[in-house]
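Coordinates as given in structure_30.tsv (TSV, C-alpha atoms):
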chain	number	residue	atom	x	y	z
A	1	MET	CA	-105.60	156.56	34.27
A	2	MET	CA	-106.30	158.82	31.31
A	3	THR	CA	-106.30	157.30	27.85
A	4	TRP	CA	-103.96	158.61	25.15
A	5	GLY	CA	-106.91	160.03	23.27
A	6	ALA	CA	-108.19	161.76	26.40
A	7	ILE	CA	-104.79	163.35	26.99
A	8	GLY	CA	-104.69	164.75	23.48
A	9	ALA	CA	-108.28	165.95	23.60
A	10	SER	CA	-108.00	167.50	27.03
A	11	VAL	CA	-105.29	169.93	26.02
A	12	GLY	CA	-107.85	171.72	23.88
A	13	ALA	CA	-107.86	174.12	26.83
A	14	TRP	CA	-104.72	175.63	25.26
A	15	LEU	CA	-106.88	177.56	22.83
A	16	VAL	CA	-108.24	179.53	25.77
A	17	LEU	CA	-105.07	179.58	27.82
A	18	LEU	CA	-102.92	180.88	24.99
A	19	SER	CA	-104.80	184.16	25.12
A	20	ALA	CA	-104.16	184.54	28.84
A	21	THR	CA	-101.62	186.97	30.19
A	22	ALA	CA	-100.03	184.71	32.76
A	23	GLY	CA	-96.72	185.25	34.48
A	24	ALA	CA	-93.50	184.80	32.52
A	25	ALA	CA	-92.25	181.30	31.80
A	26	GLU	CA	-88.71	180.38	30.88
A	27	VAL	CA	-88.75	179.95	27.13
A	28	LEU	CA	-85.14	180.20	26.07
A	29	PRO	CA	-82.51	178.45	28.18
A	30	PRO	CA	-79.70	180.36	29.86
A	31	ARG	CA	-76.51	180.00	27.87
A	32	ASP	CA	-73.42	178.67	29.57
A	33	VAL	CA	-70.01	177.33	28.67
A	34	CYS	CA	-69.60	174.33	26.39
A	35	GLN	CA	-69.32	170.87	27.88
A	36	PRO	CA	-67.03	168.85	25.61
A	37	THR	CA	-67.34	165.67	27.66
A	38	THR	CA	-70.59	164.56	26.04
A	39	ALA	CA	-70.63	161.55	23.74
A	40	ALA	CA	-72.95	163.45	21.43
A	41	LYS	CA	-70.41	166.16	20.55
A	42	SER	CA	-69.38	164.29	17.39
A	43	ARG	CA	-72.82	164.80	15.84
A	44	ASP	CA	-72.62	168.51	15.27
A	45	GLY	CA	-69.31	170.07	16.18
A	46	ASN	CA	-70.33	170.79	19.74
A	47	CYS	CA	-68.21	173.27	21.66
A	48	ALA	CA	-66.61	175.20	18.83
A	49	ALA	CA	-67.37	178.49	20.59
A	50	CYS	CA	-70.74	178.91	22.24
A	51	PRO	CA	-71.96	182.51	22.01
A	52	VAL	CA	-73.70	184.11	24.95
A	53	GLY	CA	-77.22	185.48	24.59
A	54	PRO	CA	-80.12	184.90	22.20
A	55	ILE	CA	-79.44	183.71	18.67
A	56	SER	CA	-81.09	186.75	17.12
A	57	THR	CA	-81.34	190.46	17.86
A	58	ARG	CA	-84.34	190.96	15.57
A	59	PRO	CA	-87.01	192.94	17.45
A	60	ARG	CA	-89.68	190.59	16.10
A	61	PHE	CA	-87.78	187.56	17.45
A	62	GLN	CA	-87.40	189.13	20.89
A	63	ALA	CA	-91.09	190.04	20.89
A	64	LEU	CA	-91.99	186.42	20.10
A	65	VAL	CA	-89.79	185.20	22.95
A	66	ALA	CA	-91.62	187.50	25.33
A	67	GLN	CA	-95.00	186.53	23.89
A	68	VAL	CA	-94.41	182.79	24.33
A	69	GLY	CA	-92.87	183.33	27.74
A	70	ALA	CA	-96.02	185.09	28.92
A	71	ARG	CA	-98.21	182.05	28.23
A	72	ALA	CA	-97.11	179.97	31.21
A	73	ALA	CA	-100.63	178.70	31.89
A	74	ALA	CA	-100.75	176.71	28.65
A	75	PHE	CA	-97.52	174.87	29.44
A	76	ASP	CA	-98.54	174.33	33.06
A	77	ASP	CA	-101.77	172.77	31.83
A	78	ILE	CA	-99.86	170.30	29.68
A	79	ASP	CA	-97.64	169.40	32.64
A	80	ARG	CA	-100.64	168.88	34.91
A	81	ARG	CA	-102.41	166.62	32.44
A	82	ILE	CA	-99.34	164.54	31.61
A	83	ASP	CA	-98.37	164.20	35.28
A	84	GLY	CA	-101.89	163.00	36.02
A	85	ALA	CA	-101.95	160.46	33.20
A	86	SER	CA	-100.34	157.74	35.34
A	87	SER	CA	-101.09	156.78	38.93
A	88	ASP	CA	-97.94	154.67	39.20
A	89	PRO	CA	-95.49	156.25	41.70
A	90	GLU	CA	-92.42	155.09	39.76
A	91	VAL	CA	-93.70	156.54	36.49
A	92	GLN	CA	-94.59	159.78	38.26
A	93	SER	CA	-91.10	159.94	39.75
A	94	LEU	CA	-89.41	159.36	36.39
A	95	LEU	CA	-91.39	162.22	34.88
A	96	LYS	CA	-89.96	164.73	37.34
A	97	GLY	CA	-86.91	166.83	36.53
A	98	ARG	CA	-84.16	165.02	34.67
A	99	LYS	CA	-84.75	161.58	36.16
A	100	LEU	CA	-85.98	159.94	32.97
A	101	ALA	CA	-83.16	161.52	30.96
A	102	GLN	CA	-80.61	160.21	33.45
A	103	VAL	CA	-82.05	156.71	33.07
A	104	LEU	CA	-82.20	156.75	29.26
A	105	TYR	CA	-79.29	158.92	28.16
A	106	GLY	CA	-76.47	158.11	30.57
A	107	SER	CA	-73.80	160.81	30.74
A	108	ASP	CA	-75.59	162.74	27.99
A	109	ALA	CA	-78.62	163.41	30.23
A	110	ASP	CA	-77.74	166.97	31.20
A	111	PHE	CA	-76.61	167.74	27.67
A	112	ILE	CA	-79.94	166.63	26.20
A	113	ALA	CA	-82.39	167.65	28.92
A	114	GLY	CA	-80.46	170.18	30.97
A	115	GLY	CA	-82.02	173.31	29.54
A	116	ASN	CA	-78.72	175.04	28.88
A	117	ALA	CA	-76.80	175.82	25.71
A	118	SER	CA	-74.11	173.17	25.92
A	119	ARG	CA	-74.62	172.40	22.25
A	120	CYS	CA	-73.49	175.08	19.83
A	121	LEU	CA	-75.66	176.17	16.94
A	122	LEU	CA	-73.95	175.39	13.66
A	123	PRO	CA	-73.40	178.28	11.24
A	124	ASP	CA	-74.94	178.45	7.79
A	125	ASN	CA	-73.42	176.61	4.83
A	126	GLU	CA	-71.44	179.54	3.45
A	127	GLU	CA	-70.28	177.61	0.40
A	128	ALA	CA	-73.86	176.76	-0.55
A	129	ARG	CA	-74.99	180.31	0.13
A	130	ALA	CA	-72.24	181.75	-2.06
A	131	ALA	CA	-73.44	179.54	-4.93
A	132	ALA	CA	-77.13	180.33	-4.38
A	133	THR	CA	-79.18	182.79	-6.44
A	134	PRO	CA	-80.79	185.46	-4.23
A	135	VAL	CA	-84.34	186.58	-4.95
A	136	PRO	CA	-86.01	189.47	-3.09
A	137	CYS	CA	-88.58	187.89	-0.80
A	138	ASN	CA	-91.12	190.55	-1.76
A	139	ALA	CA	-90.71	189.55	-5.43
A	140	ILE	CA	-92.00	186.02	-4.82
A	141	PRO	CA	-95.52	185.67	-6.29
A	142	ARG	CA	-98.16	185.32	-3.57
A	143	ASP	CA	-100.83	183.75	-5.76
A	144	GLY	CA	-100.98	180.02	-4.97
A	145	LEU	CA	-98.01	180.31	-2.61
A	146	VAL	CA	-97.27	177.56	-0.08
A	147	VAL	CA	-94.74	178.33	2.67
A	148	LEU	CA	-93.42	175.23	4.45
A	149	LEU	CA	-91.63	175.51	7.80
A	150	THR	CA	-89.75	172.22	8.16
A	151	ALA	CA	-88.19	171.19	11.46
A	152	GLY	CA	-86.99	168.25	13.54
A	153	GLN	CA	-83.92	166.12	12.94
A	154	SER	CA	-81.81	164.78	10.10
A	155	ASN	CA	-84.37	163.06	7.89
A	156	ILE	CA	-85.98	166.43	7.21
A	157	SER	CA	-82.60	168.17	6.89
A	158	ASN	CA	-80.01	167.79	4.10
A	159	ALA	CA	-79.29	164.14	4.85
A	160	GLY	CA	-80.50	162.37	1.70
A	161	ALA	CA	-78.00	160.58	-0.53
A	162	PRO	CA	-77.07	161.77	-4.04
A	163	ASP	CA	-77.46	159.55	-7.09
A	164	PRO	CA	-74.75	156.95	-7.89
A	165	SER	CA	-72.75	159.57	-9.79
A	166	GLY	CA	-72.72	161.84	-6.76
A	167	GLN	CA	-75.20	164.37	-8.17
A	168	LEU	CA	-77.85	165.90	-5.94
A	169	TYR	CA	-81.44	166.22	-7.10
A	170	GLN	CA	-82.25	169.76	-8.24
A	171	PRO	CA	-85.76	171.22	-8.67
A	172	ARG	CA	-87.51	171.09	-12.02
A	173	HIS	CA	-89.68	174.07	-11.10
A	174	ARG	CA	-88.74	177.53	-9.90
A	175	PHE	CA	-89.41	177.90	-6.18
A	176	TYR	CA	-87.62	179.31	-3.19
A	177	ASN	CA	-85.57	178.72	-0.04
A	178	PHE	CA	-85.83	181.09	2.92
A	179	ASP	CA	-82.54	181.15	4.82
A	180	ARG	CA	-83.17	181.66	8.53
A	181	PHE	CA	-79.58	182.78	9.07
A	182	ASP	CA	-79.64	185.92	6.94
A	183	GLY	CA	-83.40	186.37	6.51
A	184	ARG	CA	-83.14	186.34	2.72
A	185	CYS	CA	-84.75	184.28	-0.03
A	186	TYR	CA	-82.94	182.25	-2.72
A	187	LEU	CA	-83.87	179.94	-5.54
A	188	ALA	CA	-84.29	176.50	-3.99
A	189	HIS	CA	-81.29	174.25	-4.67
A	190	ASN	CA	-79.90	171.22	-2.87
A	191	PRO	CA	-78.45	171.43	-0.27
A	192	LEU	CA	-80.98	173.84	1.17
A	193	LEU	CA	-79.86	176.78	3.28
A	194	GLY	CA	-80.87	177.04	6.93
A	195	THR	CA	-80.47	173.42	7.97
A	196	THR	CA	-77.72	170.88	8.62
A	197	GLY	CA	-76.05	168.50	6.16
A	198	ASP	CA	-74.83	168.76	2.58
A	199	GLY	CA	-77.02	166.15	0.87
A	200	GLU	CA	-80.55	166.13	-0.52
A	201	ASN	CA	-83.48	167.60	1.37
A	202	VAL	CA	-86.87	165.93	1.08
A	203	ALA	CA	-88.54	169.37	0.95
A	204	THR	CA	-86.75	170.13	-2.33
A	205	ARG	CA	-88.48	167.18	-3.97
A	206	LEU	CA	-91.69	168.04	-2.12
A	207	GLY	CA	-91.76	171.48	-3.71
A	208	ASP	CA	-91.73	169.91	-7.17
A	209	GLU	CA	-94.32	167.35	-6.11
A	210	LEU	CA	-96.76	170.02	-4.88
A	211	ILE	CA	-96.42	172.03	-8.08
A	212	ASP	CA	-96.73	168.93	-10.27
A	213	ARG	CA	-99.96	167.97	-8.52
A	214	GLY	CA	-101.42	171.46	-8.85
A	215	LEU	CA	-101.43	171.91	-5.07
A	216	ALA	CA	-99.29	175.04	-5.28
A	217	LYS	CA	-98.16	177.52	-7.92
A	218	THR	CA	-94.97	178.26	-6.08
A	219	VAL	CA	-93.34	177.17	-2.83
A	220	VAL	CA	-91.07	178.65	-0.18
A	221	ILE	CA	-89.14	176.19	1.99
A	222	ALA	CA	-87.99	177.51	5.39
A	223	PRO	CA	-85.80	174.74	6.86
A	224	ALA	CA	-84.99	174.72	10.58
A	225	ALA	CA	-84.10	171.06	11.22
A	226	ILE	CA	-80.95	170.10	13.13
A	227	GLY	CA	-79.60	166.58	12.73
A	228	GLY	CA	-79.26	164.25	15.70
A	229	THR	CA	-81.53	166.19	18.02
A	230	TYR	CA	-83.84	164.89	20.73
A	231	VAL	CA	-87.38	166.15	21.25
A	232	GLU	CA	-86.36	167.50	24.67
A	233	GLU	CA	-84.02	169.94	22.93
A	234	TRP	CA	-86.92	171.52	21.01
A	235	ARG	CA	-89.39	172.02	23.85
A	236	ALA	CA	-90.62	175.56	24.36
A	237	ARG	CA	-89.51	175.83	27.99
A	238	GLY	CA	-85.83	175.14	28.44
A	239	GLY	CA	-85.11	173.44	25.12
A	240	LYS	CA	-82.04	174.58	23.24
A	241	TYR	CA	-83.67	174.82	19.85
A	242	PHE	CA	-87.15	176.26	20.24
A	243	GLU	CA	-85.45	179.60	19.71
A	244	VAL	CA	-84.50	178.36	16.21
A	245	LEU	CA	-88.19	177.98	15.40
A	246	LEU	CA	-88.97	181.45	16.75
A	247	SER	CA	-86.04	182.98	14.89
A	248	THR	CA	-87.16	181.36	11.63
A	249	LEU	CA	-90.72	182.51	12.20
A	250	ALA	CA	-89.60	186.07	12.96
A	251	GLY	CA	-87.48	186.15	9.80
A	252	LEU	CA	-90.34	184.88	7.65
A	253	ARG	CA	-92.67	187.54	9.00
A	254	ASP	CA	-90.08	190.27	8.47
A	255	ALA	CA	-89.99	189.06	4.85
A	256	GLY	CA	-93.78	189.24	4.54
A	257	LEU	CA	-94.21	185.45	4.61
A	258	GLU	CA	-96.28	183.24	6.91
A	259	PRO	CA	-96.16	179.43	7.16
A	260	SER	CA	-98.88	177.59	5.25
A	261	ALA	CA	-97.92	174.37	7.06
A	262	VAL	CA	-95.40	173.19	9.65
A	263	LEU	CA	-93.80	169.80	8.90
A	264	TRP	CA	-92.36	168.20	12.03
A	265	HIS	CA	-90.19	165.07	11.66
A	266	GLN	CA	-88.37	163.90	14.78
A	267	GLY	CA	-88.14	160.69	16.77
A	268	GLU	CA	-85.20	158.57	15.67
A	269	SER	CA	-82.94	159.94	18.41
A	270	ASN	CA	-85.51	159.34	21.14
A	271	ALA	CA	-86.11	155.81	19.88
A	272	PHE	CA	-82.40	154.98	20.12
A	273	ALA	CA	-82.50	153.89	23.78
A	274	PHE	CA	-85.37	151.48	23.17
A	275	SER	CA	-84.27	150.08	19.83
A	276	THR	CA	-80.73	149.38	21.09
A	277	ASN	CA	-81.21	149.00	24.87
A	278	GLY	CA	-78.41	151.49	25.26
A	279	ALA	CA	-77.52	155.17	25.49
A	280	GLU	CA	-75.30	157.01	23.04
A	281	ASP	CA	-72.45	157.03	25.56
A	282	GLY	CA	-72.45	153.22	25.59
A	283	THR	CA	-74.45	152.76	28.81
A	284	GLN	CA	-76.43	149.52	28.64
A	285	LEU	CA	-80.06	149.76	29.71
A	286	GLN	CA	-82.48	147.39	31.34
A	287	VAL	CA	-85.66	148.84	29.89
A	288	THR	CA	-88.69	148.26	32.11
A	289	ALA	CA	-92.39	148.65	31.40
A	290	LYS	CA	-92.47	151.69	33.68
A	291	MET	CA	-89.59	153.32	31.84
A	292	LYS	CA	-91.50	152.80	28.60
A	293	GLU	CA	-94.66	154.34	30.04
A	294	ALA	CA	-92.73	157.35	31.35
A	295	ALA	CA	-90.95	157.76	28.01
A	296	ARG	CA	-94.26	157.74	26.10
A	297	LEU	CA	-95.71	160.37	28.40
A	298	SER	CA	-92.55	162.47	28.32
A	299	TYR	CA	-92.37	162.39	24.52
A	300	LEU	CA	-96.03	163.35	24.25
A	301	ARG	CA	-95.51	166.19	26.72
A	302	ASN	CA	-92.64	167.63	24.71
A	303	ASP	CA	-94.41	167.41	21.35
A	304	LEU	CA	-97.50	169.05	22.82
A	305	GLU	CA	-95.35	171.78	24.32
A	306	ILE	CA	-93.69	172.52	20.98
A	307	ILE	CA	-97.13	172.82	19.40
A	308	ALA	CA	-98.39	175.03	22.23
A	309	GLY	CA	-95.32	177.23	21.82
A	310	LEU	CA	-95.96	177.65	18.10
A	311	ARG	CA	-99.60	178.50	18.76
A	312	ALA	CA	-98.49	181.01	21.40
A	313	ALA	CA	-96.34	182.59	18.68
A	314	ASP	CA	-99.52	183.03	16.60
A	315	VAL	CA	-98.78	180.22	14.14
A	316	THR	CA	-102.23	179.32	12.82
A	317	ALA	CA	-101.02	176.97	10.06
A	318	PRO	CA	-101.73	173.24	10.30
A	319	ILE	CA	-98.96	171.27	11.98
A	320	PHE	CA	-98.17	167.80	10.60
A	321	VAL	CA	-96.38	165.36	12.90
A	322	ALA	CA	-94.54	162.48	11.23
A	323	THR	CA	-94.27	159.01	12.71
A	324	ALA	CA	-90.52	158.44	12.66
A	325	THR	CA	-88.37	156.07	14.71
A	326	LEU	CA	-86.44	153.87	12.27
A	327	CYS	CA	-82.68	154.34	12.28
A	328	GLY	CA	-80.42	151.30	11.99
A	329	SER	CA	-82.72	148.87	13.74
A	330	MET	CA	-86.41	148.09	14.03
A	331	PRO	CA	-89.13	150.74	14.38
A	332	ASP	CA	-89.80	151.52	18.03
A	333	GLU	CA	-93.39	151.12	19.18
A	334	ILE	CA	-92.89	153.20	22.33
A	335	ILE	CA	-92.13	156.45	20.54
A	336	ARG	CA	-94.49	155.57	17.69
A	337	SER	CA	-97.39	155.32	20.14
A	338	ALA	CA	-96.59	158.76	21.55
A	339	GLN	CA	-96.35	160.28	18.07
A	340	ALA	CA	-99.68	158.75	17.12
A	341	ALA	CA	-101.32	160.42	20.14
A	342	VAL	CA	-100.24	163.95	19.18
A	343	PRO	CA	-102.51	164.76	16.18
A	344	ASN	CA	-105.76	166.48	17.07
A	345	PRO	CA	-107.69	168.16	14.24
A	346	ALA	CA	-109.47	170.38	16.78
A	347	LEU	CA	-106.07	171.96	17.43
A	348	GLY	CA	-105.03	172.00	13.78
A	349	VAL	CA	-102.56	169.14	14.32
A	350	TYR	CA	-102.56	166.26	11.81
A	351	PRO	CA	-100.63	163.05	11.17
A	352	GLY	CA	-97.65	163.39	8.90
A	353	PRO	CA	-96.32	160.40	6.97
A	354	ASP	CA	-95.30	157.18	8.67
A	355	THR	CA	-91.70	157.22	7.48
A	356	ASP	CA	-90.93	153.96	9.28
A	357	ARG	CA	-92.61	152.42	6.22
A	358	ILE	CA	-89.54	153.51	4.24
A	359	GLY	CA	-87.52	150.40	5.03
A	360	LEU	CA	-83.79	149.90	5.45
A	361	PRO	CA	-83.23	148.98	1.76
A	362	LEU	CA	-84.21	152.58	0.90
A	363	ARG	CA	-81.83	154.08	3.46
A	364	HIS	CA	-78.26	154.54	2.31
A	365	ASP	CA	-76.75	154.10	5.79
A	366	ARG	CA	-79.66	152.19	7.40
A	367	CYS	CA	-80.99	155.51	8.72
A	368	HIS	CA	-80.98	158.32	6.14
A	369	MET	CA	-82.75	158.11	2.83
A	370	SER	CA	-81.31	156.89	-0.44
A	371	ARG	CA	-82.24	158.73	-3.63
A	372	ALA	CA	-85.28	156.43	-4.02
A	373	GLY	CA	-86.09	156.77	-0.32
A	374	THR	CA	-86.12	160.57	-0.53
A	375	GLU	CA	-88.42	160.41	-3.56
A	376	LEU	CA	-90.86	158.19	-1.68
A	377	HIS	CA	-90.57	160.38	1.42
A	378	ALA	CA	-91.54	163.48	-0.59
A	379	LYS	CA	-94.55	161.73	-2.11
A	380	MET	CA	-95.71	160.70	1.36
A	381	TRP	CA	-95.58	164.30	2.60
A	382	ALA	CA	-97.38	165.47	-0.55
A	383	ASP	CA	-100.11	162.89	0.04
A	384	ARG	CA	-100.69	164.22	3.56
A	385	LEU	CA	-100.88	167.83	2.40
A	386	ALA	CA	-103.15	166.88	-0.50
A	387	ASP	CA	-105.51	165.02	1.84
A	388	TYR	CA	-105.67	168.06	4.10
A	389	TRP	CA	-106.37	170.58	1.36
A	390	LYS	CA	-108.82	168.29	-0.47
A	391	SER	CA	-110.78	167.79	2.76
A	392	GLY	CA	-112.05	171.36	2.42
A	393	ALA	CA	-109.39	172.97	4.57
A	394	ARG	CA	-108.10	176.40	3.59
A	395	LYS	CA	-106.12	176.12	0.40
A	396	PRO	CA	-103.13	178.26	-0.52

Rewrite the structure of this file - the entire thing - as structure tokens.
Amino acid sequence: MMTWGAIGASVGAWLVLLSATAGAAEVLPPRDVCQPTTAAKSRDGNCAACPVGPISTRPRFQALVAQVGARAAAFDDIDRRIDGASSDPEVQSLLKGRKLAQVLYGSDADFIAGGNASRCLLPDNEEARAAATPVPCNAIPRDGLVVLLTAGQSNISNAGAPDPSGQLYQPRHRFYNFDRFDGRCYLAHNPLLGTTGDGENVATRLGDELIDRGLAKTVVIAPAAIGGTYVEEWRARGGKYFEVLLSTLAGLRDAGLEPSAVLWHQGESNAFAFSTNGAEDGTQLQVTAKMKEAARLSYLRNDLEIIAGLRAADVTAPIFVATATLCGSMPDEIIRSAQAAVPNPALGVYPGPDTDRIGLPLRHDRCHMSRAGTELHAKMWADRLADYWKSGARKP
């Protein structure tokens, strides 16, 4: 059996495979009708009216879809290495198709892992956009500029609590928010445009933190997180939301911007089954050691595939992967161990903060951050970026 470190190291072959011109792979899922029977529909207004077709008509977006789809060999290599990481027949069986999802997610299995568009993409926050101050993207100073592409689930979206008077934190410095929906830039202001929720976003505090520390002269935040999502929904082949990353990336490039770093924070949803011994639809689980092993491998596979997809889209920026599982219960060691196996400096992938260290007293609903929790969260991200840049890596 391969060790976790060996799995992570062995996928260094991506760097060669990503330049190959292999046959087309399915990147974006086919879109179909909504399925309002899922227990997860309450999270994000599922089944309002699912549009048919890709989420963007931008030529650059469509070119990126084709570019990632042509790199099938890289994804096949990840599959081969993950499938070979266990010699146990039951673990191998769970890793095939939707079997593991059916075990862990109950009636939500097809919704989460089905590779179709049964979850609608929420529209932009039009009220927040109407109140925002637009700034031409080409007018943003490039000297000392840091562009942060932030993605994952709610704790890197607009889910942070306001202060006791109901006021949201607002930046002390002038920096910017790229809105993936309209491809325009605005002065950064909570709640940020381009992501879910109407509370505070940790990246808004992070922008101030980076400028205060002299790590950046100005910052652009490009949020793409969607609350309540599972890692399976973001994978590059068949996931519902990898297209959101490609659309955001295409919009940034059309605006003359390129990510300086990708901040990935996801894991609480995947930890739910193990921390509660139950699925979201109420199904009770008898979690076995083999289910845990398959879940670790599956989570690692999906994170590696997201990274390979970004590299296939010519993202050369460092990617920081947070350790994040705490939501209402205890941290989950199964998903934590998979997250810890993802970073590989040879591939430009580094550990993000361990946000499970932000305990329940700093979470306003035992999951999402309080005002003090968001402040600590931002400092933790700033520490990781500072360590990277101070290590001699390319600075902005």

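Shortest atom-to-atom contact with Ser275 (chain A) among A:Ile307, A:Val68, A:Ile335, A:Met369: A:Ile335, counting only C-alpha atoms.
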
Considering all atoms listed in the file, give me a table of residues in region 221-285 of chain A that are at most 6 Å from region 311-327 of chain A, with the closest atom pair and distance in Å for each, as a Markdown table.
| residue | atom | partner | partner_atom | distance |
| --- | --- | --- | --- | --- |
| A:Ser260 | CA | A:Ala317 | CA | 5.3 |
| A:Ala261 | CA | A:Ala317 | CA | 5.0 |
| A:Val262 | CA | A:Ile319 | CA | 4.7 |
| A:Leu263 | CA | A:Phe320 | CA | 5.1 |
| A:Trp264 | CA | A:Val321 | CA | 5.0 |
| A:His265 | CA | A:Ala322 | CA | 5.1 |
| A:Gly267 | CA | A:Thr325 | CA | 5.1 |
| A:Glu268 | CA | A:Thr325 | CA | 4.1 |
| A:Ala271 | CA | A:Thr325 | CA | 5.6 |

Just-selected residues, C-alpha atoms written as a PDB file, keeping the file's coordinate frame:
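As a result, out22.pdb now contains:
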ATOM      1  CA  SER A 260     -98.880 177.590   5.250  1.00  0.00           C
ATOM      2  CA  ALA A 261     -97.920 174.370   7.060  1.00  0.00           C
ATOM      3  CA  VAL A 262     -95.400 173.190   9.650  1.00  0.00           C
ATOM      4  CA  LEU A 263     -93.800 169.800   8.900  1.00  0.00           C
ATOM      5  CA  TRP A 264     -92.360 168.200  12.030  1.00  0.00           C
ATOM      6  CA  HIS A 265     -90.190 165.070  11.660  1.00  0.00           C
ATOM      7  CA  GLY A 267     -88.140 160.690  16.770  1.00  0.00           C
ATOM      8  CA  GLU A 268     -85.200 158.570  15.670  1.00  0.00           C
ATOM      9  CA  ALA A 271     -86.110 155.810  19.880  1.00  0.00           C
TER      10      ALA A 271
END

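Reported to one decimal place, the separation of CA of Gly69 (chain A) from CA of Glu305 (chain A) is 12.3 Å.
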
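Proximity of A:Ala255, A:Ala216, A:Leu385, A:Met330 to Pro351 (chain A), computed with all atoms listed in the file, is greatest for A:Leu385.
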
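For the pair CA of Asn177 (chain A) and CA of Leu210 (chain A), the separation is 15.0 Å.
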
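What separates CA of Met291 (chain A) from CA of Val342 (chain A) is a distance of 19.7 Å.
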
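Across A:Asp83, A:Asp179, A:Asp143, A:Asp303, the tightest approach to Leu215 (chain A) is made by A:Asp143 when counting all atoms listed in the file.
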
What's around Glu293 (chain A) at 9 Å? Count all atoms listed in the file, leave out sequence neighbours fewer than 5 positions away in its own chain, and write the answer as a list in words. Ser86, Val91, Thr288, Ser298 and Ile334 of chain A

Within 7 Å of region 231-248 of chain A, which residues of region 284-342 of chain A show up? Give each one with its shortest atom-to-atom distance in Å (one decimal) and the two atoms involved, counting all atoms listed in the file, rows by chain then rising residue number, as CSV.
residue,atom,partner,partner_atom,distance
A:Asn302,CA,A:Arg235,CA,5.5
A:Glu305,CA,A:Arg235,CA,6.0
A:Ile306,CA,A:Arg235,CA,5.2
A:Gly309,CA,A:Ala236,CA,5.6

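The smallest atom-to-atom distance between Cys137 (chain A) and any of A:Asp356, A:Tyr299, A:Arg71, A:Leu187, using all atoms listed in the file, is found for A:Leu187.
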
Close residues, Pro141 (chain A) itself excluded, 9 Å, all atoms listed in the file, min 4 positions apart in chain, as a list in words: Leu145, Lys217 and Thr218 of chain A

Measuring atom to atom with all atoms listed in the file, identify which of A:Leu249, A:Val220, A:Ala139, A:Leu122 is nearest to Gly197 (chain A). A:Leu122
